[in-house]
$ cat query-v8.cif   # mmCIF, C-alpha atoms
data_run
#
loop_
_atom_site.group_PDB
_atom_site.id
_atom_site.type_symbol
_atom_site.label_atom_id
_atom_site.label_comp_id
_atom_site.auth_asym_id
_atom_site.auth_seq_id
_atom_site.Cartn_x
_atom_site.Cartn_y
_atom_site.Cartn_z
ATOM 1 C CA SER A 1 -25.132 98.405 42.700
ATOM 2 C CA ARG A 2 -27.999 97.163 40.604
ATOM 3 C CA LEU A 3 -28.525 94.147 42.844
ATOM 4 C CA GLY A 4 -28.546 96.125 46.064
ATOM 5 C CA CYS A 5 -30.306 99.324 45.053
ATOM 6 C CA ARG A 6 -33.811 97.989 45.442
ATOM 7 C CA HIS A 7 -33.223 97.123 49.085
ATOM 8 C CA ALA A 8 -30.678 99.754 50.015
ATOM 9 C CA LEU A 9 -33.021 102.726 49.742
ATOM 10 C CA THR A 10 -36.652 101.836 49.166
ATOM 11 C CA PRO A 11 -39.092 104.583 50.110
ATOM 12 C CA SER A 12 -42.206 103.237 51.800
ATOM 13 C CA ILE A 13 -44.751 104.380 54.318
ATOM 14 C CA ALA A 14 -42.658 102.756 57.050
ATOM 15 C CA ALA A 15 -39.462 104.317 55.771
ATOM 16 C CA LEU A 16 -40.635 107.872 55.141
ATOM 17 C CA GLY A 17 -40.309 110.523 57.795
ATOM 18 C CA ARG A 18 -39.939 114.232 58.261
ATOM 19 C CA SER A 19 -36.672 115.914 59.099
ATOM 20 C CA ASN A 20 -36.650 117.572 62.497
ATOM 21 C CA ARG A 21 -34.744 120.501 61.048
ATOM 22 C CA ASN A 22 -36.967 120.892 57.991
ATOM 23 C CA PRO A 23 -40.456 119.448 58.423
ATOM 24 C CA ASN A 24 -41.172 119.868 54.718
ATOM 25 C CA ARG A 25 -38.271 117.633 53.624
ATOM 26 C CA ILE A 26 -38.931 113.910 53.325
ATOM 27 C CA VAL A 27 -36.082 111.655 54.429
ATOM 28 C CA THR A 28 -35.657 107.948 53.942
ATOM 29 C CA ARG A 29 -33.891 105.171 55.749
ATOM 30 C CA PRO A 30 -32.744 101.820 54.350
ATOM 31 C CA VAL A 31 -35.415 99.111 54.384
ATOM 32 C CA ARG A 32 -33.906 95.720 55.111
ATOM 33 C CA PHE A 33 -35.400 92.298 54.763
ATOM 34 C CA GLY A 34 -36.501 90.821 58.060
ATOM 35 C CA ASP A 35 -35.901 93.977 60.135
ATOM 36 C CA ALA A 36 -38.892 93.482 62.420
ATOM 37 C CA ARG A 37 -38.609 89.708 62.635
ATOM 38 C CA MET A 38 -34.885 89.514 63.310
ATOM 39 C CA SER A 39 -34.334 92.479 65.613
ATOM 40 C CA ALA A 40 -35.444 90.597 68.720
ATOM 41 C CA ALA A 41 -33.235 87.591 67.949
ATOM 42 C CA ARG A 42 -30.136 89.587 67.000
ATOM 43 C CA GLY A 43 -30.524 92.389 69.517
ATOM 44 C CA ALA A 44 -31.798 95.880 68.900
ATOM 45 C CA ASP A 45 -28.264 97.270 68.611
ATOM 46 C CA ALA A 46 -26.867 94.510 66.370
ATOM 47 C CA PRO A 47 -25.581 95.863 63.028
ATOM 48 C CA SER A 48 -27.423 94.830 59.875
ATOM 49 C CA PHE A 49 -25.881 95.159 56.420
ATOM 50 C CA PRO A 50 -28.146 94.540 53.423
ATOM 51 C CA GLY A 51 -26.671 91.959 51.099
ATOM 52 C CA ARG A 52 -24.045 90.624 53.538
ATOM 53 C CA LEU A 53 -24.658 87.045 54.576
ATOM 54 C CA ASP A 54 -24.629 86.134 58.261
ATOM 55 C CA PRO A 55 -24.477 82.450 59.337
ATOM 56 C CA ALA A 56 -26.841 83.220 62.218
ATOM 57 C CA ARG A 57 -29.455 84.472 59.764
ATOM 58 C CA THR A 58 -28.883 82.114 56.799
ATOM 59 C CA ALA A 59 -30.503 78.851 55.708
ATOM 60 C CA VAL A 60 -29.466 76.615 52.796
ATOM 61 C CA PHE A 61 -32.151 75.727 50.221
ATOM 62 C CA VAL A 62 -31.525 72.789 47.863
ATOM 63 C CA CYS A 63 -34.254 72.499 45.249
ATOM 64 C CA ASP A 64 -35.050 69.146 43.626
ATOM 65 C CA VAL A 65 -31.567 67.784 42.850
ATOM 66 C CA GLN A 66 -32.951 64.352 41.943
ATOM 67 C CA GLU A 67 -31.679 61.309 40.096
ATOM 68 C CA ARG A 68 -34.124 61.414 37.184
ATOM 69 C CA PHE A 69 -32.813 64.819 36.126
ATOM 70 C CA ARG A 70 -29.182 63.693 35.860
ATOM 71 C CA THR A 71 -29.233 62.995 32.125
ATOM 72 C CA VAL A 72 -31.441 65.894 31.032
ATOM 73 C CA ILE A 73 -30.265 68.963 32.969
ATOM 74 C CA HIS A 74 -27.527 71.071 31.398
ATOM 75 C CA GLY A 75 -24.598 71.124 33.841
ATOM 76 C CA PHE A 76 -26.320 68.814 36.331
ATOM 77 C CA ASP A 77 -22.990 67.919 37.969
ATOM 78 C CA HIS A 78 -22.525 71.558 38.938
ATOM 79 C CA CYS A 79 -25.844 71.559 40.793
ATOM 80 C CA VAL A 80 -24.788 68.430 42.674
ATOM 81 C CA HIS A 81 -21.345 69.781 43.509
ATOM 82 C CA VAL A 82 -22.542 73.182 44.731
ATOM 83 C CA SER A 83 -25.346 71.600 46.748
ATOM 84 C CA SER A 84 -22.822 69.284 48.400
ATOM 85 C CA MET A 85 -20.502 72.208 49.149
ATOM 86 C CA MET A 86 -23.220 74.310 50.716
ATOM 87 C CA LEU A 87 -24.739 71.477 52.763
ATOM 88 C CA ARG A 88 -21.339 70.589 54.210
ATOM 89 C CA ALA A 89 -20.389 74.196 54.844
ATOM 90 C CA GLY A 90 -23.819 74.748 56.359
ATOM 91 C CA LYS A 91 -23.141 72.065 58.954
ATOM 92 C CA ILE A 92 -19.795 73.658 59.803
ATOM 93 C CA LEU A 93 -21.309 77.132 60.113
ATOM 94 C CA GLY A 94 -24.486 76.046 61.896
ATOM 95 C CA MET A 95 -26.889 76.855 59.060
ATOM 96 C CA PRO A 96 -30.059 74.742 58.733
ATOM 97 C CA ALA A 97 -30.960 73.241 55.364
ATOM 98 C CA VAL A 98 -34.215 72.759 53.494
ATOM 99 C CA VAL A 99 -34.166 70.082 50.776
ATOM 100 C CA THR A 100 -37.105 69.229 48.533
ATOM 101 C CA GLU A 101 -37.979 66.567 45.967
ATOM 102 C CA GLN A 102 -40.400 67.171 43.119
ATOM 103 C CA TYR A 103 -42.854 64.265 42.741
ATOM 104 C CA PRO A 104 -40.279 61.676 43.913
ATOM 105 C CA GLU A 105 -42.540 58.758 42.965
ATOM 106 C CA ARG A 106 -41.896 59.678 39.341
ATOM 107 C CA LEU A 107 -38.651 61.623 39.448
ATOM 108 C CA GLY A 108 -36.689 59.713 42.066
ATOM 109 C CA ALA A 109 -35.056 60.717 45.323
ATOM 110 C CA THR A 110 -32.323 63.265 46.002
ATOM 111 C CA VAL A 111 -29.081 62.061 44.400
ATOM 112 C CA ASP A 112 -26.903 59.707 46.397
ATOM 113 C CA GLU A 113 -23.992 62.171 46.439
ATOM 114 C CA LEU A 114 -25.963 64.430 48.801
ATOM 115 C CA ALA A 115 -27.289 61.726 51.110
ATOM 116 C CA PRO A 116 -24.356 61.837 53.611
ATOM 117 C CA ASN A 117 -24.902 65.566 54.075
ATOM 118 C CA LEU A 118 -28.636 65.497 54.777
ATOM 119 C CA ASP A 119 -29.885 66.098 58.303
ATOM 120 C CA PRO A 120 -31.988 63.087 59.409
ATOM 121 C CA ARG A 121 -33.985 65.458 61.609
ATOM 122 C CA ALA A 122 -35.030 67.440 58.519
ATOM 123 C CA PRO A 123 -35.427 64.943 55.661
ATOM 124 C CA PRO A 124 -36.255 66.037 52.105
ATOM 125 C CA VAL A 125 -39.810 67.271 51.658
ATOM 126 C CA ALA A 126 -41.779 65.657 48.824
ATOM 127 C CA LYS A 127 -43.849 68.114 46.816
ATOM 128 C CA LYS A 128 -45.923 68.673 43.721
ATOM 129 C CA LEU A 129 -45.880 72.449 43.956
ATOM 130 C CA PHE A 130 -43.141 73.892 41.800
ATOM 131 C CA SER A 131 -42.035 76.192 44.617
ATOM 132 C CA MET A 132 -40.187 74.713 47.568
ATOM 133 C CA ILE A 133 -42.438 76.699 49.900
ATOM 134 C CA THR A 134 -45.024 74.035 50.616
ATOM 135 C CA PRO A 135 -47.125 74.165 53.804
ATOM 136 C CA GLU A 136 -44.674 71.767 55.493
ATOM 137 C CA VAL A 137 -41.658 73.855 54.491
ATOM 138 C CA ASP A 138 -43.455 77.049 55.475
ATOM 139 C CA GLU A 139 -43.998 75.567 58.934
ATOM 140 C CA ARG A 140 -40.306 74.697 59.211
ATOM 141 C CA LEU A 141 -39.332 78.214 58.225
ATOM 142 C CA GLY A 142 -41.511 79.653 60.964
ATOM 143 C CA GLY A 143 -39.388 77.890 63.576
ATOM 144 C CA MET A 144 -35.975 78.707 62.092
ATOM 145 C CA ASN A 145 -35.639 82.361 63.053
ATOM 146 C CA ARG A 146 -33.765 83.002 59.784
ATOM 147 C CA ASP A 147 -34.316 85.569 57.056
ATOM 148 C CA GLN A 148 -31.507 84.976 54.531
ATOM 149 C CA ALA A 149 -31.485 82.163 51.969
ATOM 150 C CA VAL A 150 -28.783 80.721 49.752
ATOM 151 C CA LEU A 151 -30.676 78.898 47.010
ATOM 152 C CA MET A 152 -29.520 76.323 44.463
ATOM 153 C CA GLY A 153 -30.975 73.464 42.445
ATOM 154 C CA LEU A 154 -33.270 73.071 39.470
ATOM 155 C CA GLU A 155 -34.869 73.951 37.292
ATOM 156 C CA SER A 156 -33.783 77.569 37.272
ATOM 157 C CA HIS A 157 -36.808 78.935 35.427
ATOM 158 C CA VAL A 158 -39.478 76.944 37.280
ATOM 159 C CA CYS A 159 -38.902 75.630 40.799
ATOM 160 C CA VAL A 160 -35.889 77.801 41.671
ATOM 161 C CA PHE A 161 -37.527 80.939 40.291
ATOM 162 C CA GLN A 162 -40.830 80.362 42.088
ATOM 163 C CA THR A 163 -39.073 79.469 45.350
ATOM 164 C CA ALA A 164 -37.020 82.655 45.224
ATOM 165 C CA MET A 165 -40.091 84.775 44.579
ATOM 166 C CA ASP A 166 -42.064 83.092 47.392
ATOM 167 C CA LEU A 167 -39.220 83.588 49.871
ATOM 168 C CA MET A 168 -38.885 87.198 48.867
ATOM 169 C CA ALA A 169 -42.633 87.691 49.355
ATOM 170 C CA ARG A 170 -42.171 86.382 52.914
ATOM 171 C CA GLY A 171 -39.493 88.971 53.659
ATOM 172 C CA TRP A 172 -36.413 86.819 53.061
ATOM 173 C CA GLU A 173 -33.238 88.133 51.469
ATOM 174 C CA VAL A 174 -32.518 85.588 48.736
ATOM 175 C CA HIS A 175 -29.078 84.835 47.268
ATOM 176 C CA VAL A 176 -29.306 82.582 44.193
ATOM 177 C CA LEU A 177 -26.074 80.694 43.506
ATOM 178 C CA VAL A 178 -25.615 80.911 39.751
ATOM 179 C CA ASP A 179 -22.982 78.152 39.697
ATOM 180 C CA GLY A 180 -25.487 75.783 41.331
ATOM 181 C CA VAL A 181 -28.690 76.323 39.334
ATOM 182 C CA SER A 182 -29.561 75.073 35.876
ATOM 183 C CA SER A 183 -32.281 73.949 33.485
ATOM 184 C CA GLN A 184 -32.593 71.539 30.581
ATOM 185 C CA ARG A 185 -31.989 74.419 28.155
ATOM 186 C CA PRO A 186 -29.328 77.094 28.745
ATOM 187 C CA THR A 187 -31.717 79.714 27.375
ATOM 188 C CA ASP A 188 -34.195 79.012 30.182
ATOM 189 C CA ARG A 189 -31.428 79.299 32.779
ATOM 190 C CA ALA A 190 -30.268 82.603 31.328
ATOM 191 C CA ALA A 191 -33.803 84.002 31.240
ATOM 192 C CA ALA A 192 -34.423 82.930 34.839
ATOM 193 C CA LEU A 193 -31.273 84.619 36.128
ATOM 194 C CA ARG A 194 -32.042 87.848 34.298
ATOM 195 C CA ARG A 195 -35.600 87.834 35.628
ATOM 196 C CA LEU A 196 -34.447 87.138 39.193
ATOM 197 C CA GLU A 197 -31.950 89.987 39.009
ATOM 198 C CA ALA A 198 -34.628 92.304 37.643
ATOM 199 C CA GLU A 199 -36.918 91.365 40.537
ATOM 200 C CA GLY A 200 -34.258 92.477 43.024
ATOM 201 C CA LEU A 201 -32.900 89.142 44.214
ATOM 202 C CA ARG A 202 -29.165 88.780 44.681
ATOM 203 C CA LEU A 203 -27.098 86.674 42.304
ATOM 204 C CA SER A 204 -24.015 85.084 43.836
ATOM 205 C CA THR A 205 -21.756 82.036 43.562
ATOM 206 C CA SER A 206 -20.944 79.347 46.082
ATOM 207 C CA GLU A 207 -17.442 80.731 46.676
ATOM 208 C CA MET A 208 -18.672 84.304 46.934
ATOM 209 C CA ALA A 209 -21.349 83.302 49.444
ATOM 210 C CA LEU A 210 -19.054 81.162 51.598
ATOM 211 C CA PHE A 211 -16.342 83.801 51.947
ATOM 212 C CA ASP A 212 -19.005 86.397 52.690
ATOM 213 C CA LEU A 213 -20.266 84.151 55.473
ATOM 214 C CA LEU A 214 -16.728 83.789 56.875
ATOM 215 C CA LYS A 215 -15.845 87.511 56.600
ATOM 216 C CA THR A 216 -12.171 86.973 57.557
ATOM 217 C CA ALA A 217 -9.287 84.503 57.212
ATOM 218 C CA GLU A 218 -9.154 84.582 61.011
ATOM 219 C CA ALA A 219 -12.621 83.018 61.284
ATOM 220 C CA GLU A 220 -12.730 79.890 63.426
ATOM 221 C CA ASN A 221 -14.000 77.756 60.528
ATOM 222 C CA PHE A 222 -11.917 79.334 57.762
ATOM 223 C CA LYS A 223 -9.686 76.313 57.089
ATOM 224 C CA ALA A 224 -12.567 73.833 56.973
ATOM 225 C CA VAL A 225 -14.710 75.970 54.697
ATOM 226 C CA SER A 226 -11.871 77.114 52.425
ATOM 227 C CA ALA A 227 -10.928 73.453 51.904
ATOM 228 C CA ILE A 228 -14.433 72.884 50.526
ATOM 229 C CA VAL A 229 -14.083 75.911 48.238
ATOM 230 C CA ARG A 230 -10.784 74.573 46.820
ATOM 231 C CA GLU A 231 -12.291 71.258 45.715
ATOM 232 C CA LYS A 232 -12.083 70.466 42.004
ATOM 233 C CA ARG A 233 -15.140 71.657 40.086
ATOM 234 C CA PRO A 234 -16.942 69.784 37.310
ATOM 235 C CA GLU A 235 -16.088 70.635 33.718
ATOM 236 C CA PRO A 236 -17.071 72.309 31.485
ATOM 237 C CA GLN A 237 -18.257 75.326 33.444
ATOM 238 C CA LEU A 238 -21.818 76.568 33.279
ATOM 239 C CA PRO A 239 -22.330 79.570 30.964
ATOM 240 C CA SER A 240 -21.510 82.934 32.513
ATOM 241 C CA LEU A 241 -24.164 85.599 32.903
#

$ encode --input "query-v8.cif" --output "structure tokens"
Amino acid sequence: SRLGCRHALTPSIAALGRSNRNPNRIVTRPVRFGDARMSAARGADAPSFPGRLDPARTAVFVCDVQERFRTVIHGFDHCVHVSSMMLRAGKILGMPAVVTEQYPERLGATVDELAPNLDPRAPPVAKKLFSMITPEVDERLGGMNRDQAVLMGLESHVCVFQTAMDLMARGWEVHVLVDGVSSQRPTDRAAALRRLEAEGLRLSTSEMALFDLLKTAEAENFKAVSAIVREKRPEPQLPSL
């Protein structure tokens, strides 16, 4: 698929080799995000499937879902709802969360709806960078032993976009939840999603990501997570791609 092709078969110096049968023929192998970093943690023989989310590899990123934006962001309630879903599901599935606040002195704190789901051991990080990847967040990431991100928040074309690009530059596989990101103007959101797709990041939805994390209806946490998925969504829906 278009989303997976960049990472499914990317020729590089590390990936190129010579066939034993024909030394003049160049062969390639799939290059996966985080191969070197995660192999020790997951075991050398553990299977790795590009694009498939694994709770043991995934962290939840909630970007700047703050009170001051409530009245100006198109579809703000969707960002709140999806962030709440993913934070709660993250606790059930054992996935750490990173939450940031852009210039909270001016723009307020993370919305009250998310407060019960925040980990007091990892409070929201205040920032003035547009990207979530501040020095403090970068230090947290170094201790997480994760290499997959599910990303949501605002604004799509500024902080979410720059966060996704910074994570990708660090070797993370980034899944942007299109039902949980927005901007003041729908045009900016649409442009951001098209640009992210063109850059090779994966576009997903909260439901798509959660069922990918579960893999099967026989999963231990299926009932708890599927109950979150079935919750009533805000209306009207955000524009489709």

$ residues_near_point --input "query-v8.cif" --point "(-16.4, 69.9, 42.7)" --cutoff "12 Å" --atoms "all atoms listed in the file" --output "PyMOL selection string"
chain A and resi 76-86+113+179-180+206-207+227-237

$ write_last_selection --input "query-v8.cif" --atoms "C-alpha atoms" --output "PDB file, keeping the file's coordinate frame"
ATOM      1  CA  PHE A  76     -26.320  68.814  36.331  1.00  0.00           C
ATOM      2  CA  ASP A  77     -22.990  67.919  37.969  1.00  0.00           C
ATOM      3  CA  HIS A  78     -22.525  71.558  38.938  1.00  0.00           C
ATOM      4  CA  CYS A  79     -25.844  71.559  40.793  1.00  0.00           C
ATOM      5  CA  VAL A  80     -24.788  68.430  42.674  1.00  0.00           C
ATOM      6  CA  HIS A  81     -21.345  69.781  43.509  1.00  0.00           C
ATOM      7  CA  VAL A  82     -22.542  73.182  44.731  1.00  0.00           C
ATOM      8  CA  SER A  83     -25.346  71.600  46.748  1.00  0.00           C
ATOM      9  CA  SER A  84     -22.822  69.284  48.400  1.00  0.00           C
ATOM     10  CA  MET A  85     -20.502  72.208  49.149  1.00  0.00           C
ATOM     11  CA  MET A  86     -23.220  74.310  50.716  1.00  0.00           C
ATOM     12  CA  GLU A 113     -23.992  62.171  46.439  1.00  0.00           C
ATOM     13  CA  ASP A 179     -22.982  78.152  39.697  1.00  0.00           C
ATOM     14  CA  GLY A 180     -25.487  75.783  41.331  1.00  0.00           C
ATOM     15  CA  SER A 206     -20.944  79.347  46.082  1.00  0.00           C
ATOM     16  CA  GLU A 207     -17.442  80.731  46.676  1.00  0.00           C
ATOM     17  CA  ALA A 227     -10.928  73.453  51.904  1.00  0.00           C
ATOM     18  CA  ILE A 228     -14.433  72.884  50.526  1.00  0.00           C
ATOM     19  CA  VAL A 229     -14.083  75.911  48.238  1.00  0.00           C
ATOM     20  CA  ARG A 230     -10.784  74.573  46.820  1.00  0.00           C
ATOM     21  CA  GLU A 231     -12.291  71.258  45.715  1.00  0.00           C
ATOM     22  CA  LYS A 232     -12.083  70.466  42.004  1.00  0.00           C
ATOM     23  CA  ARG A 233     -15.140  71.657  40.086  1.00  0.00           C
ATOM     24  CA  PRO A 234     -16.942  69.784  37.310  1.00  0.00           C
ATOM     25  CA  GLU A 235     -16.088  70.635  33.718  1.00  0.00           C
ATOM     26  CA  PRO A 236     -17.071  72.309  31.485  1.00  0.00           C
ATOM     27  CA  GLN A 237     -18.257  75.326  33.444  1.00  0.00           C
TER      28      GLN A 237
END

$ residues_around --input "query-v8.cif" --residues "Val99 of chain A" --least-positions-apart "2" --cutoff "7 Å" --atoms "all atoms listed in the file" --output "list of chain:residue names"
A:Phe61, A:Val62, A:Cys63, A:Ala97, A:Pro124, A:Val125

$ residues_near_point --input "query-v8.cif" --point "(-37.4, 75.3, 40.1)" --cutoff "10 Å" --atoms "only C-alpha atoms" --output "list of chain:residue names"
A:Cys63, A:Asp64, A:Val65, A:Gln102, A:Leu129, A:Phe130, A:Ser131, A:Met132, A:Met152, A:Gly153, A:Leu154, A:Glu155, A:Ser156, A:His157, A:Val158, A:Cys159, A:Val160, A:Phe161, A:Gln162, A:Thr163, A:Ala164, A:Val181, A:Ser182, A:Ser183, A:Ala192

$ atom_distance --input "query-v8.cif" --atom1 "atom CA of Leu238 of chain A" --atom2 "atom CA of Val72 of chain A"
14.5 Å

$ resolve_selection --input "query-v8.cif" --expression "the PyMOL selection byres ((chain A and resi 203) around 6)" --output "list in words"
His175, Val176, Arg202 and Ser204 of chain A

$ atom_distance --input "query-v8.cif" --atom1 "atom CA of Ala209 of chain A" --atom2 "atom CA of Ser226 of chain A"
11.7 Å

$ closest_residue --input "query-v8.cif" --among "A:Ala59, A:Ile92, A:Val225, A:Val178" --to "Asp147 of chain A" --atoms "only C-alpha atoms"
A:Ala59

$ closest_residue --input "query-v8.cif" --among "A:Lys128, A:Lys223, A:Arg140, A:Arg106" --to "Gln66 of chain A" --atoms "all atoms listed in the file"
A:Arg106

$ atom_distance --input "query-v8.cif" --atom1 "atom CA of Gly75 of chain A" --atom2 "atom CA of Leu107 of chain A"
17.9 Å

$ resolve_selection --input "query-v8.cif" --expression "the PyMOL selection byres ((chain A and resi 146) around 8)" --output "list in words"
Met38, Ala56, Arg57, Thr58, Ala59, Leu141, Met144, Asn145, Asp147 and Gln148 of chain A
